[in-house]
$ cat model00.tsv   # TSV, C-alpha atoms
chain	number	residue	atom	x	y	z
K	16	MET	CA	131.39	96.57	158.71
K	17	SER	CA	127.62	96.31	158.88
K	18	THR	CA	127.37	100.10	158.36
K	19	SER	CA	129.23	100.04	155.05
K	20	LYS	CA	127.10	97.09	153.93
K	21	SER	CA	123.84	98.97	154.55
K	22	ILE	CA	125.20	102.02	152.69
K	23	THR	CA	126.05	99.92	149.64
K	24	HIS	CA	122.65	98.31	149.78
K	25	HIS	CA	120.92	101.65	150.11
K	26	HIS	CA	122.89	103.11	147.23
K	27	HIS	CA	121.97	100.17	145.01
K	28	HIS	CA	118.31	100.49	145.92
K	29	HIS	CA	118.31	104.23	145.19
K	30	HIS	CA	119.87	103.63	141.77
K	31	HIS	CA	117.20	101.05	140.97
K	32	GLN	CA	114.41	103.51	141.81
K	33	ARG	CA	115.85	106.16	139.50
K	34	LEU	CA	115.99	103.67	136.66
K	35	GLN	CA	112.34	102.70	137.18
K	36	SER	CA	111.13	106.30	137.06
K	37	PHE	CA	113.17	106.89	133.91
K	38	LEU	CA	111.57	104.05	131.94
K	39	PRO	CA	108.01	105.46	131.65
K	40	LEU	CA	109.51	108.74	130.44
K	41	PHE	CA	111.50	106.88	127.82
K	42	PHE	CA	108.36	105.13	126.55
K	43	LEU	CA	106.47	108.41	126.51
K	44	ILE	CA	109.18	110.02	124.38
K	45	PHE	CA	109.15	106.96	122.14
K	46	LEU	CA	105.36	107.16	121.70
K	47	LEU	CA	105.39	110.90	121.03
K	48	ASN	CA	108.08	110.51	118.38
K	49	PHE	CA	106.23	107.78	116.53
K	50	SER	CA	102.60	108.73	117.06
K	51	HIS	CA	102.50	111.02	114.01
K	52	VAL	CA	103.60	108.09	111.87
K	53	SER	CA	100.83	105.82	113.13
K	54	ARG	CA	98.14	108.49	112.74
K	55	GLY	CA	99.18	109.44	109.22
K	56	GLU	CA	98.13	106.95	106.58
K	57	VAL	CA	99.48	106.55	103.08
K	58	GLY	CA	97.14	106.67	100.11
K	59	THR	CA	96.64	108.13	96.65
K	60	SER	CA	95.03	111.22	95.30
K	61	ALA	CA	93.68	112.49	91.99
K	62	GLN	CA	92.21	115.91	91.20
K	63	TYR	CA	88.99	117.29	89.80
K	64	THR	CA	87.94	120.60	88.30
K	65	PRO	CA	84.69	122.63	88.23
K	66	PRO	CA	81.78	122.21	88.09
K	67	PHE	CA	81.74	120.91	91.69
K	68	LEU	CA	78.02	121.31	92.41
K	69	PRO	CA	75.91	119.50	93.34
K	70	THR	CA	77.85	117.32	95.79
K	71	SER	CA	76.81	114.09	97.53
K	72	CYS	CA	77.25	115.74	100.92
K	73	TYR	CA	75.65	119.17	100.66
K	74	ASP	CA	73.90	119.22	97.28
K	75	ASP	CA	73.84	122.76	95.79
K	76	ASP	CA	74.91	124.71	98.90
K	77	PRO	CA	77.79	127.03	97.88
K	78	GLY	CA	78.65	127.55	101.56
K	79	GLN	CA	80.04	124.03	101.80
K	80	PHE	CA	83.38	125.01	100.25
K	81	PRO	CA	86.02	126.50	102.56
K	82	SER	CA	87.12	129.98	101.44
K	83	SER	CA	90.57	128.53	100.70
K	84	ASN	CA	88.96	126.22	98.10
K	85	LEU	CA	90.88	123.37	99.72
K	86	PHE	CA	88.35	120.55	99.62
K	87	ALA	CA	88.10	116.96	98.44
K	88	ALA	CA	85.86	114.07	97.48
K	89	ALA	CA	86.27	110.93	99.58
K	90	GLY	CA	87.21	107.70	97.85
K	91	ALA	CA	85.45	104.41	98.68
K	92	GLY	CA	88.02	103.58	101.38
K	93	ILE	CA	87.29	106.64	103.53
K	94	TRP	CA	83.69	107.52	102.47
K	95	ASP	CA	82.30	105.63	105.49
K	96	ASN	CA	78.72	105.53	104.13
K	97	GLY	CA	78.62	109.32	104.00
K	98	ALA	CA	79.99	109.86	107.51
K	99	ALA	CA	83.08	111.34	105.84
K	100	CYS	CA	81.14	114.48	104.91
K	101	GLY	CA	82.63	117.50	106.65
K	102	ARG	CA	85.67	115.65	107.94
K	103	GLN	CA	88.93	117.55	107.84
K	104	TYR	CA	92.14	115.94	106.64
K	105	LEU	CA	95.75	117.01	106.60
K	106	VAL	CA	97.26	115.98	103.27
K	107	LYS	CA	100.85	115.91	102.04
K	108	CYS	CA	102.19	114.76	98.66
K	109	ILE	CA	104.93	112.16	99.21
K	110	SER	CA	105.69	110.83	95.71
K	111	ALA	CA	104.42	110.44	92.15
K	112	ALA	CA	105.24	108.64	88.91
K	113	GLU	CA	107.07	111.71	87.67
K	114	PRO	CA	109.96	112.82	89.92
K	115	GLY	CA	109.68	116.39	91.20
K	116	THR	CA	105.86	116.37	91.13
K	117	CYS	CA	105.40	117.00	94.87
K	118	VAL	CA	105.87	120.31	96.63
K	119	PRO	CA	108.23	119.03	99.38
K	120	GLU	CA	106.80	118.93	102.92
K	121	LYS	CA	103.78	121.10	101.98
K	122	VAL	CA	100.78	120.15	104.15
K	123	ILE	CA	97.24	121.33	103.42
K	124	GLN	CA	93.96	120.92	105.29
K	125	VAL	CA	91.00	119.82	103.18
K	126	ARG	CA	87.29	119.36	103.91
K	127	ILE	CA	85.39	116.38	102.50
K	128	VAL	CA	82.37	117.61	100.52
K	129	ASP	CA	81.68	114.81	98.05
K	130	PHE	CA	81.92	111.12	97.17
K	131	ALA	CA	84.63	110.40	94.58
K	132	LEU	CA	82.48	107.87	92.73
K	133	SER	CA	79.70	110.35	92.04
K	134	THR	CA	81.37	113.73	91.46
K	135	ILE	CA	79.83	115.88	88.71
K	136	SER	CA	83.28	116.27	87.09
K	137	PRO	CA	85.24	113.05	86.61
K	138	PRO	CA	88.47	112.66	88.64
K	139	SER	CA	91.78	112.76	86.78
K	140	TYR	CA	92.35	109.18	87.95
K	141	ASP	CA	89.99	106.48	89.25
K	142	GLY	CA	90.13	104.55	92.51
K	143	THR	CA	92.16	106.94	94.65
K	144	THR	CA	91.82	107.49	98.41
K	145	MET	CA	90.61	111.03	97.86
K	146	VAL	CA	90.08	113.38	94.94
K	147	LEU	CA	91.37	116.87	95.67
K	148	SER	CA	89.96	120.09	94.23
K	149	ASP	CA	92.26	121.45	91.52
K	150	THR	CA	93.28	124.26	93.95
K	151	ALA	CA	94.14	121.78	96.72
K	152	PHE	CA	96.01	119.46	94.36
K	153	GLY	CA	97.97	122.34	92.83
K	154	THR	CA	99.05	123.53	96.28
K	155	ILE	CA	100.89	120.30	97.13
K	156	ALA	CA	101.80	118.99	93.65
K	157	ASN	CA	102.36	119.89	90.02
K	158	VAL	CA	98.88	120.41	88.56
K	159	THR	CA	99.82	118.51	85.39
K	160	ALA	CA	99.99	115.21	87.34
K	161	THR	CA	96.96	112.88	87.17
K	162	SER	CA	97.62	111.11	90.48
K	163	ILE	CA	99.99	111.33	93.43
K	164	ASN	CA	100.85	109.33	96.55
K	165	ILE	CA	99.82	111.11	99.72
K	166	GLU	CA	100.18	110.92	103.46
K	167	PHE	CA	96.90	111.89	105.10
K	168	GLN	CA	95.53	112.23	108.60
K	169	GLN	CA	92.04	112.99	109.88
K	170	ILE	CA	91.92	115.84	112.40
$ encode --input "model00.tsv" --output "structure tokens"
Amino acid sequence: MSTSKSITHHHHHHHHQRLQSFLPLFFLIFLLNFSHVSRGEVGTSAQYTPPFLPTSCYDDDPGQFPSSNLFAAAGAGIWDNGAACGRQYLVKCISAAEPGTCVPEKVIQVRIVDFALSTISPPSYDGTTMVLSDTAFGTIANVTATSINIEFQQI
């Protein structure tokens, strides 16, 4: 009698241990699945065309532009008193006023080289999170759009 009781008790205890070790794994999976959502922020983007020099970050240095020509000017929200210079962002077009503007799921990496409020060429739209070079903008959206909604993430 007492033997069967201890077996049942042991079995119950063992089951409890397995459940405990499973929980942290569950939370880890949960965090991994949702972390990209929390890191990516939603904002807006306009575009600008040449001339691009001089910039607020690197003045007349032509070496500041990545060879891909994927660069951007930081809006007031992410300028960070100039600390934004050189930061790299992943950017994706998520929506726009005109349906079909975005290139679906296309993600680009841009380098911040300027301040949106003092670019030599005016942005296509004022007050956006970041102003993309015409090349960058045209890679993720229809170049005829003046502004788009973006998901962006600093890397």
$ atom_distance --input "model00.tsv" --atom1 "CA of Pro66 (chain K)" --atom2 "CA of Gly101 (chain K)"
19.2 Å
$ atom_distance --input "model00.tsv" --atom1 "CA of Ile127 (chain K)" --atom2 "CA of Asp74 (chain K)"
12.9 Å
$ residues_around --input "model00.tsv" --residues "Ala98 (chain K)" --least-positions-apart "5" --cutoff "12 Å" --atoms "all atoms listed in the file" --output "PyMOL selection string"
chain K and resi 71-72+89+91-93+103+127-130
$ closest_residue --input "model00.tsv" --among "K:Leu85, K:Ile109, K:Val125, K:Cys100" --to "Val57 (chain K)" --atoms "all atoms listed in the file"
K:Ile109
$ residues_near_point --input "model00.tsv" --point "(82.6, 112.4, 96.2)" --cutoff "12 Å" --atoms "only C-alpha atoms" --output "JSON list (two decimals) with C-alpha atoms, in the coordinates of the input"
[["chain", "number", "residue", "atom", "x", "y", "z"],
["K", 61, "ALA", "CA", 93.68, 112.49, 91.99],
["K", 62, "GLN", "CA", 92.21, 115.91, 91.20],
["K", 63, "TYR", "CA", 88.99, 117.29, 89.80],
["K", 67, "PHE", "CA", 81.74, 120.91, 91.69],
["K", 68, "LEU", "CA", 78.02, 121.31, 92.41],
["K", 69, "PRO", "CA", 75.91, 119.50, 93.34],
["K", 70, "THR", "CA", 77.85, 117.32, 95.79],
["K", 71, "SER", "CA", 76.81, 114.09, 97.53],
["K", 72, "CYS", "CA", 77.25, 115.74, 100.92],
["K", 73, "TYR", "CA", 75.65, 119.17, 100.66],
["K", 74, "ASP", "CA", 73.90, 119.22, 97.28],
["K", 86, "PHE", "CA", 88.35, 120.55, 99.62],
["K", 87, "ALA", "CA", 88.10, 116.96, 98.44],
["K", 88, "ALA", "CA", 85.86, 114.07, 97.48],
["K", 89, "ALA", "CA", 86.27, 110.93, 99.58],
["K", 90, "GLY", "CA", 87.21, 107.70, 97.85],
["K", 91, "ALA", "CA", 85.45, 104.41, 98.68],
["K", 92, "GLY", "CA", 88.02, 103.58, 101.38],
["K", 93, "ILE", "CA", 87.29, 106.64, 103.53],
["K", 94, "TRP", "CA", 83.69, 107.52, 102.47],
["K", 95, "ASP", "CA", 82.30, 105.63, 105.49],
["K", 96, "ASN", "CA", 78.72, 105.53, 104.13],
["K", 97, "GLY", "CA", 78.62, 109.32, 104.00],
["K", 98, "ALA", "CA", 79.99, 109.86, 107.51],
["K", 99, "ALA", "CA", 83.08, 111.34, 105.84],
["K", 100, "CYS", "CA", 81.14, 114.48, 104.91],
["K", 101, "GLY", "CA", 82.63, 117.50, 106.65],
["K", 126, "ARG", "CA", 87.29, 119.36, 103.91],
["K", 127, "ILE", "CA", 85.39, 116.38, 102.50],
["K", 128, "VAL", "CA", 82.37, 117.61, 100.52],
["K", 129, "ASP", "CA", 81.68, 114.81, 98.05],
["K", 130, "PHE", "CA", 81.92, 111.12, 97.17],
["K", 131, "ALA", "CA", 84.63, 110.40, 94.58],
["K", 132, "LEU", "CA", 82.48, 107.87, 92.73],
["K", 133, "SER", "CA", 79.70, 110.35, 92.04],
["K", 134, "THR", "CA", 81.37, 113.73, 91.46],
["K", 135, "ILE", "CA", 79.83, 115.88, 88.71],
["K", 136, "SER", "CA", 83.28, 116.27, 87.09],
["K", 137, "PRO", "CA", 85.24, 113.05, 86.61],
["K", 138, "PRO", "CA", 88.47, 112.66, 88.64],
["K", 141, "ASP", "CA", 89.99, 106.48, 89.25],
["K", 142, "GLY", "CA", 90.13, 104.55, 92.51],
["K", 143, "THR", "CA", 92.16, 106.94, 94.65],
["K", 144, "THR", "CA", 91.82, 107.49, 98.41],
["K", 145, "MET", "CA", 90.61, 111.03, 97.86],
["K", 146, "VAL", "CA", 90.08, 113.38, 94.94],
["K", 147, "LEU", "CA", 91.37, 116.87, 95.67],
["K", 148, "SER", "CA", 89.96, 120.09, 94.23]]
$ residues_around --input "model00.tsv" --residues "region 112-124 of chain K" --least-positions-apart "3" --cutoff "10 Å" --atoms "all atoms listed in the file" --output "ChimeraX atom specification"
/K:83,85-87,103-109,151-170
$ axis_aligned_box --input "model00.tsv" --around "region 119-136 of chain K" --padding-each-side "3 Å" --output "lines of an AutoDock Vina configuration file"
center_x = 94.0
center_y = 114.6
center_z = 96.2
size_x = 34.5
size_y = 19.5
size_z = 24.2
$ atom_distance --input "model00.tsv" --atom1 "CA of Asp149 (chain K)" --atom2 "CA of Gly58 (chain K)"
17.8 Å
$ decode --input "model00.tsv" --residues "region 146-163 of chain K" --atoms "N, CA, C and O atoms" --output "PDB file, in the first residue's frame"
ATOM      1  N   VAL K 146      13.931  61.169 -44.236  1.00  0.00           N
ATOM      2  CA  VAL K 146      13.815  61.494 -45.653  1.00  0.00           C
ATOM      3  C   VAL K 146      14.828  60.623 -46.397  1.00  0.00           C
ATOM      4  O   VAL K 146      16.030  60.747 -46.184  1.00  0.00           O
ATOM      5  N   LEU K 147      14.313  59.746 -47.233  1.00  0.00           N
ATOM      6  CA  LEU K 147      15.167  58.807 -47.957  1.00  0.00           C
ATOM      7  C   LEU K 147      15.702  59.411 -49.244  1.00  0.00           C
ATOM      8  O   LEU K 147      15.020  60.214 -49.898  1.00  0.00           O
ATOM      9  N   SER K 148      16.912  59.004 -49.634  1.00  0.00           N
ATOM     10  CA  SER K 148      17.432  59.400 -50.942  1.00  0.00           C
ATOM     11  C   SER K 148      16.461  58.857 -51.989  1.00  0.00           C
ATOM     12  O   SER K 148      15.774  57.864 -51.751  1.00  0.00           O
ATOM     13  N   ASP K 149      16.398  59.509 -53.140  1.00  0.00           N
ATOM     14  CA  ASP K 149      15.475  59.061 -54.192  1.00  0.00           C
ATOM     15  C   ASP K 149      15.716  57.593 -54.559  1.00  0.00           C
ATOM     16  O   ASP K 149      14.769  56.843 -54.815  1.00  0.00           O
ATOM     17  N   THR K 150      16.974  57.153 -54.523  1.00  0.00           N
ATOM     18  CA  THR K 150      17.307  55.749 -54.830  1.00  0.00           C
ATOM     19  C   THR K 150      16.721  54.819 -53.771  1.00  0.00           C
ATOM     20  O   THR K 150      16.099  53.792 -54.096  1.00  0.00           O
ATOM     21  N   ALA K 151      16.897  55.190 -52.494  1.00  0.00           N
ATOM     22  CA  ALA K 151      16.384  54.374 -51.391  1.00  0.00           C
ATOM     23  C   ALA K 151      14.854  54.305 -51.436  1.00  0.00           C
ATOM     24  O   ALA K 151      14.260  53.231 -51.324  1.00  0.00           O
ATOM     25  N   PHE K 152      14.235  55.472 -51.621  1.00  0.00           N
ATOM     26  CA  PHE K 152      12.778  55.551 -51.655  1.00  0.00           C
ATOM     27  C   PHE K 152      12.225  54.691 -52.800  1.00  0.00           C
ATOM     28  O   PHE K 152      11.287  53.908 -52.616  1.00  0.00           O
ATOM     29  N   GLY K 153      12.845  54.827 -53.969  1.00  0.00           N
ATOM     30  CA  GLY K 153      12.395  54.094 -55.149  1.00  0.00           C
ATOM     31  C   GLY K 153      12.595  52.588 -55.072  1.00  0.00           C
ATOM     32  O   GLY K 153      11.997  51.836 -55.837  1.00  0.00           O
ATOM     33  N   THR K 154      13.435  52.143 -54.143  1.00  0.00           N
ATOM     34  CA  THR K 154      13.675  50.710 -53.964  1.00  0.00           C
ATOM     35  C   THR K 154      12.538  50.049 -53.184  1.00  0.00           C
ATOM     36  O   THR K 154      12.210  48.885 -53.415  1.00  0.00           O
ATOM     37  N   ILE K 155      11.919  50.809 -52.274  1.00  0.00           N
ATOM     38  CA  ILE K 155      10.848  50.216 -51.441  1.00  0.00           C
ATOM     39  C   ILE K 155       9.448  50.734 -51.781  1.00  0.00           C
ATOM     40  O   ILE K 155       8.454  50.233 -51.280  1.00  0.00           O
ATOM     41  N   ALA K 156       9.373  51.766 -52.646  1.00  0.00           N
ATOM     42  CA  ALA K 156       8.068  52.343 -52.982  1.00  0.00           C
ATOM     43  C   ALA K 156       8.067  52.953 -54.379  1.00  0.00           C
ATOM     44  O   ALA K 156       9.117  53.165 -54.979  1.00  0.00           O
ATOM     45  N   ASN K 157       6.881  53.259 -54.857  1.00  0.00           N
ATOM     46  CA  ASN K 157       6.729  53.937 -56.140  1.00  0.00           C
ATOM     47  C   ASN K 157       7.283  55.347 -55.995  1.00  0.00           C
ATOM     48  O   ASN K 157       6.872  56.107 -55.112  1.00  0.00           O
ATOM     49  N   VAL K 158       8.222  55.700 -56.852  1.00  0.00           N
ATOM     50  CA  VAL K 158       8.940  56.966 -56.756  1.00  0.00           C
ATOM     51  C   VAL K 158       8.041  58.198 -56.964  1.00  0.00           C
ATOM     52  O   VAL K 158       8.428  59.319 -56.636  1.00  0.00           O
ATOM     53  N   THR K 159       6.835  57.983 -57.464  1.00  0.00           N
ATOM     54  CA  THR K 159       5.912  59.110 -57.662  1.00  0.00           C
ATOM     55  C   THR K 159       5.224  59.542 -56.358  1.00  0.00           C
ATOM     56  O   THR K 159       4.632  60.611 -56.293  1.00  0.00           O
ATOM     57  N   ALA K 160       5.321  58.712 -55.309  1.00  0.00           N
ATOM     58  CA  ALA K 160       4.696  59.053 -54.026  1.00  0.00           C
ATOM     59  C   ALA K 160       5.490  60.156 -53.315  1.00  0.00           C
ATOM     60  O   ALA K 160       6.704  60.235 -53.448  1.00  0.00           O
ATOM     61  N   THR K 161       4.785  61.015 -52.568  1.00  0.00           N
ATOM     62  CA  THR K 161       5.477  62.076 -51.826  1.00  0.00           C
ATOM     63  C   THR K 161       5.839  61.620 -50.423  1.00  0.00           C
ATOM     64  O   THR K 161       6.842  62.039 -49.865  1.00  0.00           O
ATOM     65  N   SER K 162       5.001  60.745 -49.834  1.00  0.00           N
ATOM     66  CA  SER K 162       5.318  60.219 -48.511  1.00  0.00           C
ATOM     67  C   SER K 162       4.718  58.828 -48.340  1.00  0.00           C
ATOM     68  O   SER K 162       3.721  58.488 -48.971  1.00  0.00           O
ATOM     69  N   ILE K 163       5.363  58.047 -47.471  1.00  0.00           N
ATOM     70  CA  ILE K 163       4.918  56.678 -47.206  1.00  0.00           C
ATOM     71  C   ILE K 163       5.000  56.401 -45.694  1.00  0.00           C
ATOM     72  O   ILE K 163       5.682  57.110 -44.977  1.00  0.00           O
TER      73      ILE K 163
END
